[in-house]
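One file, entry.csv, carrying CSV, C-alpha atoms and all ligand atoms:
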chain,number,residue,atom,x,y,z
A,14,MET,CA,93.2,93.7,96.6
A,15,THR,CA,96.6,92.7,97.7
A,16,GLY,CA,97.5,90.5,94.7
A,17,LYS,CA,97.4,86.8,94.5
A,18,LEU,CA,98.4,86.1,98.0
A,19,SER,CA,96.1,87.3,100.7
A,20,VAL,CA,97.8,89.2,103.5
A,21,ASP,CA,94.9,89.5,105.9
A,22,SER,CA,96.7,90.4,109.1
A,23,ILE,CA,99.8,92.1,110.3
A,24,ASP,CA,101.2,88.7,111.5
A,25,ALA,CA,100.6,87.2,108.1
A,26,LEU,CA,102.4,90.1,106.5
A,27,ILE,CA,105.4,89.7,108.9
A,28,GLU,CA,105.5,86.0,108.1
A,29,ALA,CA,105.2,86.5,104.3
A,30,LEU,CA,108.0,89.1,104.3
A,31,ALA,CA,110.2,86.9,106.4
A,32,ALA,CA,109.6,84.1,103.9
A,33,VAL,CA,111.1,86.2,101.1
A,34,GLY,CA,114.1,87.2,103.4
A,35,TYR,CA,112.8,90.5,104.8
A,36,GLN,CA,112.6,90.9,108.5
A,37,ALA,CA,110.2,93.6,109.4
A,38,GLU,CA,109.5,94.9,112.9
A,39,ARG,CA,105.9,95.1,113.9
A,40,ARG,CA,105.6,98.9,113.6
A,41,LEU,CA,106.8,98.8,110.1
A,42,ALA,CA,104.6,95.8,109.2
A,43,THR,CA,101.6,97.7,110.6
A,44,ALA,CA,102.4,100.8,108.4
A,45,VAL,CA,102.7,98.5,105.3
A,46,PHE,CA,99.5,96.7,106.2
A,47,LEU,CA,97.6,100.0,106.5
A,48,SER,CA,99.1,101.3,103.3
A,49,LEU,CA,97.7,98.2,101.5
A,50,ARG,CA,94.4,98.4,103.2
A,51,LEU,CA,93.8,102.1,102.7
A,52,GLN,CA,95.5,102.1,99.3
A,53,ARG,CA,97.7,105.0,100.4
A,54,PRO,CA,101.4,105.6,99.5
A,55,LEU,CA,103.9,104.8,102.2
A,56,LEU,CA,106.8,107.2,102.8
A,57,LEU,CA,109.8,105.5,104.4
A,58,GLU,CA,112.5,107.7,105.9
A,59,GLY,CA,115.6,106.5,107.6
A,60,GLU,CA,119.4,106.3,107.6
A,61,PRO,CA,121.2,104.6,104.7
A,62,GLY,CA,121.2,100.9,104.5
A,63,VAL,CA,118.3,100.1,106.9
A,64,GLY,CA,116.1,98.3,104.4
A,65,LYS,CA,113.9,101.0,102.8
A,66,THR,CA,114.5,99.9,99.2
A,67,GLU,CA,114.6,96.3,100.1
A,68,LEU,CA,111.1,96.5,101.6
A,69,ALA,CA,109.6,97.4,98.2
A,70,LYS,CA,111.4,94.6,96.6
A,71,ALA,CA,110.2,92.1,99.2
A,72,LEU,CA,106.7,93.4,98.9
A,73,SER,CA,106.7,92.9,95.2
A,74,LYS,CA,107.5,89.2,95.8
A,75,VAL,CA,105.0,88.8,98.6
A,76,LEU,CA,102.2,90.3,96.6
A,77,ASP,CA,103.3,88.8,93.4
A,78,ARG,CA,103.2,92.1,91.6
A,79,PRO,CA,105.9,93.5,89.3
A,80,LEU,CA,108.2,96.0,90.9
A,81,ILE,CA,108.4,99.3,88.9
A,82,ARG,CA,111.2,101.6,90.2
A,83,LEU,CA,111.8,105.2,89.7
A,84,GLN,CA,115.2,106.3,91.0
A,85,CYS,CA,115.1,110.0,91.7
A,86,TYR,CA,117.9,112.4,91.2
A,87,ASP,CA,118.5,116.2,91.1
A,88,GLY,CA,117.2,117.6,87.8
A,89,MET,CA,114.9,114.7,87.0
A,90,GLU,CA,112.3,115.7,84.6
A,91,GLN,CA,108.7,114.7,84.2
A,92,ARG,CA,109.4,113.1,80.9
A,93,GLU,CA,111.8,110.7,82.5
A,94,ALA,CA,109.4,109.9,85.3
A,95,LEU,CA,106.0,109.8,83.5
A,96,TYR,CA,106.1,109.7,79.7
A,97,GLU,CA,107.5,111.3,76.6
A,98,TRP,CA,106.6,111.3,72.9
A,99,ASN,CA,108.8,109.4,70.5
A,100,HIS,CA,109.7,112.4,68.4
A,101,ALA,CA,111.8,110.5,65.9
A,102,ALA,CA,109.0,108.1,65.1
A,103,GLN,CA,106.5,111.0,65.0
A,104,LEU,CA,108.7,112.8,62.5
A,105,MET,CA,109.0,109.7,60.3
A,106,HIS,CA,105.2,109.4,60.3
A,107,MET,CA,104.9,113.1,59.2
A,108,ARG,CA,107.5,112.6,56.5
A,109,ALA,CA,105.6,109.6,55.1
A,110,GLN,CA,102.5,111.7,54.5
A,111,PRO,CA,101.5,112.8,51.0
A,112,GLU,CA,101.7,116.5,50.4
A,113,GLY,CA,98.6,118.5,51.4
A,114,ALA,CA,97.6,116.0,54.1
A,115,ASN,CA,95.0,117.3,56.5
A,116,PRO,CA,97.0,118.9,59.4
A,117,GLU,CA,94.3,118.1,62.0
A,118,GLN,CA,94.2,114.5,61.0
A,119,LEU,CA,98.0,114.4,61.0
A,120,GLU,CA,98.1,115.8,64.5
A,121,HIS,CA,95.6,113.2,65.7
A,122,GLU,CA,97.7,110.5,64.1
A,123,ILE,CA,101.1,111.5,65.6
A,124,TYR,CA,99.7,111.6,69.1
A,125,GLN,CA,98.6,108.0,69.1
A,126,GLU,CA,99.4,105.7,71.9
A,127,LYS,CA,102.0,103.9,69.8
A,128,TYR,CA,104.2,107.0,69.9
A,129,LEU,CA,104.0,107.3,73.7
A,130,ILE,CA,107.0,106.2,75.6
A,131,ARG,CA,105.9,105.1,79.0
A,132,ARG,CA,108.1,105.8,82.0
A,133,PRO,CA,107.8,104.2,85.4
A,134,LEU,CA,104.9,106.4,86.9
A,135,LEU,CA,102.7,105.8,83.8
A,136,GLN,CA,103.7,102.1,83.7
A,137,ALA,CA,102.5,101.7,87.3
A,138,LEU,CA,99.2,103.4,86.5
A,139,GLU,CA,98.6,101.2,83.5
A,140,ALA,CA,99.7,97.9,85.1
A,141,THR,CA,96.9,95.3,84.7
A,142,GLU,CA,95.4,93.3,87.5
A,143,PRO,CA,96.7,92.8,90.3
A,144,GLY,CA,98.6,96.1,89.7
A,145,ALA,CA,102.2,96.9,90.4
A,146,VAL,CA,104.5,97.8,93.4
A,147,LEU,CA,105.8,101.2,92.6
A,148,LEU,CA,109.1,102.3,94.3
A,149,ILE,CA,109.8,106.0,94.1
A,150,ASP,CA,113.3,105.7,95.5
A,151,GLU,CA,115.2,108.6,97.2
A,152,VAL,CA,112.6,111.2,96.5
A,153,ASP,CA,114.6,113.7,98.5
A,154,ARG,CA,117.1,113.8,95.7
A,155,ALA,CA,114.5,115.1,93.2
A,156,ASP,CA,113.6,118.8,93.3
A,157,ALA,CA,110.6,120.8,94.5
A,158,PRO,CA,108.8,121.0,91.1
A,159,PHE,CA,108.9,117.2,90.8
A,160,GLU,CA,107.4,116.9,94.2
A,161,ALA,CA,104.7,119.3,93.2
A,162,PHE,CA,104.0,117.2,90.2
A,163,LEU,CA,103.7,114.1,92.4
A,164,LEU,CA,100.8,115.5,94.3
A,165,GLU,CA,98.0,114.6,91.8
A,166,TYR,CA,99.6,111.2,91.3
A,167,LEU,CA,99.9,110.3,95.0
A,168,GLY,CA,96.6,111.8,96.0
A,169,GLU,CA,94.4,110.2,93.2
A,170,PHE,CA,96.7,107.8,91.3
A,171,GLN,CA,96.0,109.7,88.2
A,172,VAL,CA,97.9,112.0,85.8
A,173,SER,CA,96.8,114.5,83.2
A,174,ILE,CA,98.4,114.2,79.7
A,175,PRO,CA,97.4,117.2,77.6
A,176,GLU,CA,97.0,115.2,74.4
A,177,PHE,CA,95.0,112.4,76.1
A,178,GLY,CA,93.3,113.8,79.1
A,179,THR,CA,93.4,112.1,82.5
A,180,ILE,CA,94.7,108.6,83.0
A,181,LYS,CA,93.5,107.0,86.2
A,182,ALA,CA,94.9,103.7,87.6
A,183,ALA,CA,92.5,100.8,87.3
A,184,CYS,CA,94.4,99.2,90.0
A,185,ALA,CA,96.1,101.5,92.5
A,186,PRO,CA,99.8,100.7,92.6
A,187,VAL,CA,101.2,99.8,96.0
A,188,THR,CA,103.4,102.8,96.3
A,189,ILE,CA,106.5,103.1,98.5
A,190,LEU,CA,108.5,106.4,98.6
A,191,THR,CA,111.9,106.4,100.3
A,192,SER,CA,114.0,109.3,101.5
A,193,ASN,CA,117.3,109.6,103.3
A,194,ARG,CA,116.1,113.0,104.5
A,195,THR,CA,118.9,115.0,102.9
A,196,ARG,CA,116.2,117.6,102.9
A,197,ASP,CA,112.7,118.0,104.2
A,198,LEU,CA,110.0,117.0,101.9
A,199,ASN,CA,107.0,119.1,101.0
A,200,ASP,CA,104.2,118.9,103.6
A,201,ALA,CA,101.6,118.4,100.8
A,202,VAL,CA,103.5,115.2,99.7
A,203,LYS,CA,103.8,114.0,103.3
A,204,ARG,CA,100.0,114.5,103.8
A,205,ARG,CA,99.2,112.2,101.0
A,206,CYS,CA,101.3,109.4,102.4
A,207,LEU,CA,101.4,107.2,105.5
A,208,TYR,CA,104.8,107.7,107.2
A,209,GLN,CA,107.3,105.4,108.8
A,210,TRP,CA,110.7,106.2,110.2
A,211,LEU,CA,113.0,103.2,109.8
A,212,ASP,CA,115.6,102.9,112.6
A,213,TYR,CA,118.6,100.7,113.0
A,214,PRO,CA,117.3,97.3,114.1
A,215,GLU,CA,117.8,96.0,117.7
A,216,ARG,CA,120.5,93.4,118.2
A,217,GLU,CA,118.3,90.3,117.8
A,218,ARG,CA,116.8,91.4,114.5
A,219,GLU,CA,120.2,92.4,113.1
A,220,LEU,CA,121.6,89.0,114.2
A,221,SER,CA,118.8,87.2,112.6
A,222,ILE,CA,119.3,89.2,109.3
A,223,VAL,CA,123.0,88.4,109.3
A,224,ARG,CA,122.3,84.8,110.0
A,225,ALA,CA,119.8,84.6,107.1
A,226,HIS,CA,122.0,86.5,104.6
A,227,VAL,CA,125.4,84.9,105.6
A,228,PRO,CA,124.6,81.4,106.9
A,229,GLN,CA,128.3,80.4,106.3
A,230,ALA,CA,129.3,82.8,109.1
A,231,GLY,CA,128.4,80.4,111.9
A,232,GLU,CA,126.7,81.4,115.1
A,233,SER,CA,129.7,82.8,117.0
A,234,LEU,CA,130.9,85.1,114.2
A,235,ALA,CA,127.3,86.3,113.5
A,236,GLN,CA,126.9,87.2,117.2
A,237,GLN,CA,130.2,89.1,117.3
A,238,VAL,CA,129.3,91.1,114.2
A,239,ALA,CA,125.9,92.0,115.6
A,240,THR,CA,127.4,93.0,118.9
A,241,PHE,CA,130.2,95.0,117.4
A,242,VAL,CA,128.0,97.0,115.0
A,243,GLN,CA,125.4,97.6,117.7
A,244,ARG,CA,128.1,99.0,120.0
A,245,LEU,CA,129.3,101.3,117.2
A,246,ARG,CA,125.9,102.7,117.0
A,247,SER,CA,125.4,103.4,120.7
A,248,ALA,CA,126.9,105.8,123.2
A,249,PRO,CA,129.6,106.6,123.9
A,250,PHE,CA,131.1,105.4,120.6
A,251,VAL,CA,128.5,106.7,118.2
A,252,SER,CA,129.4,110.3,118.7
A,253,ALA,CA,132.9,109.8,117.3
A,254,PHE,CA,131.6,108.9,113.9
A,255,SER,CA,130.0,111.0,111.1
A,256,ARG,CA,127.6,108.2,110.4
A,257,SER,CA,126.8,104.7,111.6
A,258,PRO,CA,127.0,101.5,109.5
A,259,GLY,CA,123.6,100.2,108.3
A,260,ILE,CA,122.3,96.7,108.1
A,261,ALA,CA,123.7,96.5,104.6
A,262,GLU,CA,127.2,97.1,106.0
A,263,SER,CA,126.8,94.4,108.7
A,264,VAL,CA,125.8,91.9,106.1
A,265,GLU,CA,128.6,92.8,103.8
A,266,TRP,CA,131.1,92.8,106.7
A,267,ALA,CA,130.0,89.3,107.8
A,268,ARG,CA,130.5,88.1,104.2
A,269,ALA,CA,134.0,89.6,104.1
A,270,LEU,CA,135.0,88.0,107.4
A,271,VAL,CA,133.8,84.7,106.1
A,272,ALA,CA,135.9,85.2,103.0
A,273,LEU,CA,138.9,85.8,105.3
A,274,ASP,CA,138.1,82.6,107.3
A,275,THR,CA,137.7,84.7,110.4
A,276,LEU,CA,136.4,82.9,113.5
A,277,ARG,CA,137.0,85.5,116.1
A,278,LEU,CA,137.1,89.3,115.7
A,279,ASP,CA,140.4,90.9,116.8
A,280,PRO,CA,141.7,94.4,116.3
A,281,GLU,CA,143.8,93.4,113.3
A,282,VAL,CA,141.0,91.8,111.3
A,283,VAL,CA,138.7,94.7,112.1
A,284,GLN,CA,141.3,97.1,110.8
A,285,ASP,CA,141.8,95.1,107.7
A,286,THR,CA,138.1,95.2,106.8
A,287,VAL,CA,137.1,98.6,108.3
A,288,GLY,CA,136.5,100.0,104.8
A,289,ILE,CA,133.2,98.0,104.7
A,290,LEU,CA,131.9,99.7,107.8
A,291,PHE,CA,133.1,103.2,107.3
A,292,LYS,CA,133.8,105.2,104.1
A,293,GLN,CA,135.2,108.3,105.7
A,294,ARG,CA,138.9,108.6,106.6
A,295,GLU,CA,138.1,110.4,109.8
A,296,ASP,CA,135.7,107.7,111.0
A,297,ILE,CA,138.3,105.0,110.3
A,298,ALA,CA,140.9,107.0,112.3
A,299,ALA,CA,138.4,107.5,115.2
A,300,LEU,CA,137.7,103.8,115.4
A,301,GLU,CA,141.2,102.6,116.1
A,302,PRO,CA,141.7,103.8,119.7
A,303,MET,CA,138.3,102.3,120.6
A,304,LEU,CA,138.9,98.8,119.2
A,305,GLU,CA,140.0,97.1,122.4
A,306,THR,CA,136.8,98.3,124.3
A,307,LEU,CA,134.5,97.5,121.4
A,308,LEU,CA,135.8,94.0,121.2
A,309,LEU,CA,135.3,93.1,124.9
A,310,PRO,CA,133.2,90.0,125.2
A,311,ASP,CA,129.5,90.4,125.0
A,312,PRO,CA,127.6,89.4,128.1
A,313,ASP,CA,124.4,89.0,126.0
A,314,ALA,CA,125.9,86.6,123.6
A,315,GLU,CA,124.8,83.0,123.7
A,316,PRO,CA,127.8,80.8,124.6
A,317,SER,CA,129.3,79.6,121.3
A,318,VAL,CA,129.7,76.0,120.7
B,401,LIG,N1,114.8,94.2,107.4
B,401,LIG,C1,115.7,93.6,106.6
B,401,LIG,N2,115.6,92.3,106.4
B,401,LIG,C2,116.5,91.7,105.6
B,401,LIG,N3,117.5,92.3,105.0
B,401,LIG,C3,117.7,93.6,105.2
B,401,LIG,C4,116.7,94.3,106.0
B,401,LIG,N4,117.1,95.6,106.0
B,401,LIG,C5,118.2,95.7,105.3
B,401,LIG,N5,118.6,94.5,104.8
B,401,LIG,C6,119.7,94.2,104.0
B,401,LIG,O1,120.4,95.5,103.8
B,401,LIG,C7,120.6,95.7,102.4
B,401,LIG,C8,120.5,97.2,102.2
B,401,LIG,O2,119.1,97.6,102.4
B,401,LIG,P1,118.5,98.7,101.5
B,401,LIG,O3,119.2,98.9,100.2
B,401,LIG,O4,117.1,98.5,101.4
B,401,LIG,O5,118.8,100.0,102.4
B,401,LIG,P2,118.2,101.5,102.1
B,401,LIG,O6,117.6,101.8,103.4
B,401,LIG,O7,117.4,101.6,100.9
B,401,LIG,O8,119.6,102.3,102.0
B,401,LIG,P3,119.9,103.6,101.1
B,401,LIG,O9,119.3,104.7,101.9
B,401,LIG,O10,121.4,103.6,101.2
B,401,LIG,O11,119.3,103.4,99.8
B,401,LIG,C9,119.6,94.9,101.7
B,401,LIG,O12,120.1,94.5,100.4
B,401,LIG,C10,119.5,93.7,102.6
B,401,LIG,O13,120.5,92.8,102.3
B,402,MG,MG,117.7,102.6,99.1

Please express what this file holds, its structure, as C-alpha cells.
Amino acid sequence: MTGKLSVDSIDALIEALAAVGYQAERRLATAVFLSLRLQRPLLLEGEPGVGKTELAKALSKVLDRPLIRLQCYDGMEQREALYEWNHAAQLMHMRAQPEGANPEQLEHEIYQEKYLIRRPLLQALEATEPGAVLLIDEVDRADAPFEAFLLEYLGEFQVSIPEFGTIKAACAPVTILTSNRTRDLNDAVKRRCLYQWLDYPERERELSIVRAHVPQAGESLAQQVATFVQRLRSAPFVSAFSRSPGIAESVEWARALVALDTLRLDPEVVQDTVGILFKQREDIAALEPMLETLLLPDPDAEPSV
C-alpha cells in the first residue's frame, strides 16, 4: 500500500525520510503516517521555507512513487489542472473525414483517449501500481471555484469527465496539499484532509538540517548560523521584522558564508549577506542596531574545536 518500501511504523518513516535528507519531527511524521494508512490527503500549512514542498519530494523518494506536481496560481483553470481536449488534433481528424460522414460516429471518434491531454490531477489518478505522490502546491493561491472542484477529487479520488463518465483511481495517490495561508481555505476542503501546521524547527533540528545540507560549513559555523536564525525568530527580536527567515534561508545563508570563507559571524559579514535572510528593506534596516546583541556567544553551543 505504501509503494515498494514498507513504512510500517512512525519511527521507520522518520528514518526513511532522514535517509533521503528530510528531517521530520514526530508530529509531522505521525500526520504523514496516518495519511498513508487512511489514504487521506494531507494539508500542510506553515510559513514559507519550512519544508512543505520538500516533504512531498522526500515522500516520493521514500515510497518510490513518481512525484506529480500541480503548482496552483490565481486564475488556474480546470483544464490546466485536470485535462483538456487536443482541439487541433480533433480538428484535423474531422477534416480528414469524407463528406457525409456520420456525425454521431465522428463525435465518438474525436473524443477518443488519444485526443485527451492529461494534466497533473488526471495523471495522478491514472498512475499505475504503486500509484503516485501528488503535490497540490500552494493551493491558497488558486481561487474558490477551483477549491470547490477539488472536493470530489479529494473525497473520493475520482473525477467526472462528461464525454467519458467517472474516472476513479485504481491506486489512490498519496496526496499532499500545501498552503502559505495567504487566505483561509474552504472548510469542505479541510474536512477532506488531515491537517498539519509546520512550524519553524527547534534549534537542534535546524542545526542538523544545516549540517546535512552544507557539510562544508564546519561545526562551529553551523552552530552560529542556527543560533543566529533561532534568535531572529524569537522575542524580543522577532517583532521587529515583517517575516522570519525559514529553513531554506538558513541553508542558503550557510552556503553563502562558506563561499566567503567565513569562520566566525561578525556584524560585517552578516550585513554583507543579509539579503539572503531578509528580502524587505525595512527588515534589513531593523536588523542593523540589533546585530551586536544577536551575535553574543551562545551558551547552548557545544564548544568548537
Ligand atoms: N525538514 C527538513 N529537512 C531537510 N531540509 C529541509 C527541511 N525543511 C526545509 N528544508 C530545506 O529548506 C528548503 C525549502 O523548503 P521548501 O521549499 O519545502 O519550503 P516550503 O515550506 O515549501 O516554502 P514555500 O512556502 O516558500 O514554498 C528545502 O529545499 C530544503 O533544502
Ligand atoms: Mg513550497

Original post:
So which residues are near ligand MG 402 (chain B), meaning at most 8 Å away with all atoms listed in the file counted, given back as number ranges by chain?
Top reply: A: 61-62, 64-67, 150-151, 191

**OP:** Collect all residues with atoms no farther than 10 Å from ligand LIG 401 (chain B), counting all atoms listed in the file, and output them as a PyMOL selection string.
**Re:** chain A and resi 30-31+33-38+41+57-71+150-151+191-194+211-214+218-219+221-223+225-227+259-265

For region 121-200 of chain A versus region 75-92 of chain A, which residues have an atom no more than 7 Å away, and what is each residue's nearest atom pair and distance in Å rounded to one decimal, using all atoms listed in the file, chain-then-number order, as JSON lines?
{"residue": "A:Pro133", "atom": "CA", "partner": "A:Leu83", "partner_atom": "CA", "distance": 6.0}
{"residue": "A:Ala137", "atom": "CA", "partner": "A:Ile81", "partner_atom": "CA", "distance": 6.6}
{"residue": "A:Pro143", "atom": "CA", "partner": "A:Arg78", "partner_atom": "CA", "distance": 6.7}
{"residue": "A:Gly144", "atom": "CA", "partner": "A:Arg78", "partner_atom": "CA", "distance": 6.4}
{"residue": "A:Ala145", "atom": "CA", "partner": "A:Arg78", "partner_atom": "CA", "distance": 5.0}
{"residue": "A:Val146", "atom": "CA", "partner": "A:Leu80", "partner_atom": "CA", "distance": 4.8}
{"residue": "A:Leu147", "atom": "CA", "partner": "A:Ile81", "partner_atom": "CA", "distance": 4.9}
{"residue": "A:Leu148", "atom": "CA", "partner": "A:Arg82", "partner_atom": "CA", "distance": 4.7}
{"residue": "A:Ile149", "atom": "CA", "partner": "A:Leu83", "partner_atom": "CA", "distance": 4.9}
{"residue": "A:Asp150", "atom": "CA", "partner": "A:Gln84", "partner_atom": "CA", "distance": 4.9}
{"residue": "A:Glu151", "atom": "CA", "partner": "A:Cys85", "partner_atom": "CA", "distance": 5.7}
{"residue": "A:Val152", "atom": "CA", "partner": "A:Cys85", "partner_atom": "CA", "distance": 5.5}
{"residue": "A:Arg154", "atom": "CA", "partner": "A:Tyr86", "partner_atom": "CA", "distance": 4.8}
{"residue": "A:Ala155", "atom": "CA", "partner": "A:Asp87", "partner_atom": "CA", "distance": 4.6}
{"residue": "A:Asp156", "atom": "CA", "partner": "A:Asp87", "partner_atom": "CA", "distance": 6.0}

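With all atoms listed in the file taken into account, the protein and nucleic acid residues at most 7 Å from region 163-167 of chain A (excluding it and anything under 4 positions from it in its own chain) are Pro54, Phe159, Gln171, Val172, Val202 and Arg205 of chain A.
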
Original post:
Smallest atom-to-atom distance to Glu142 (chain A): which of A:Gly288, A:Gln118, A:Ala101, A:Ala185, using all atoms listed in the file?
Top reply: A:Ala185
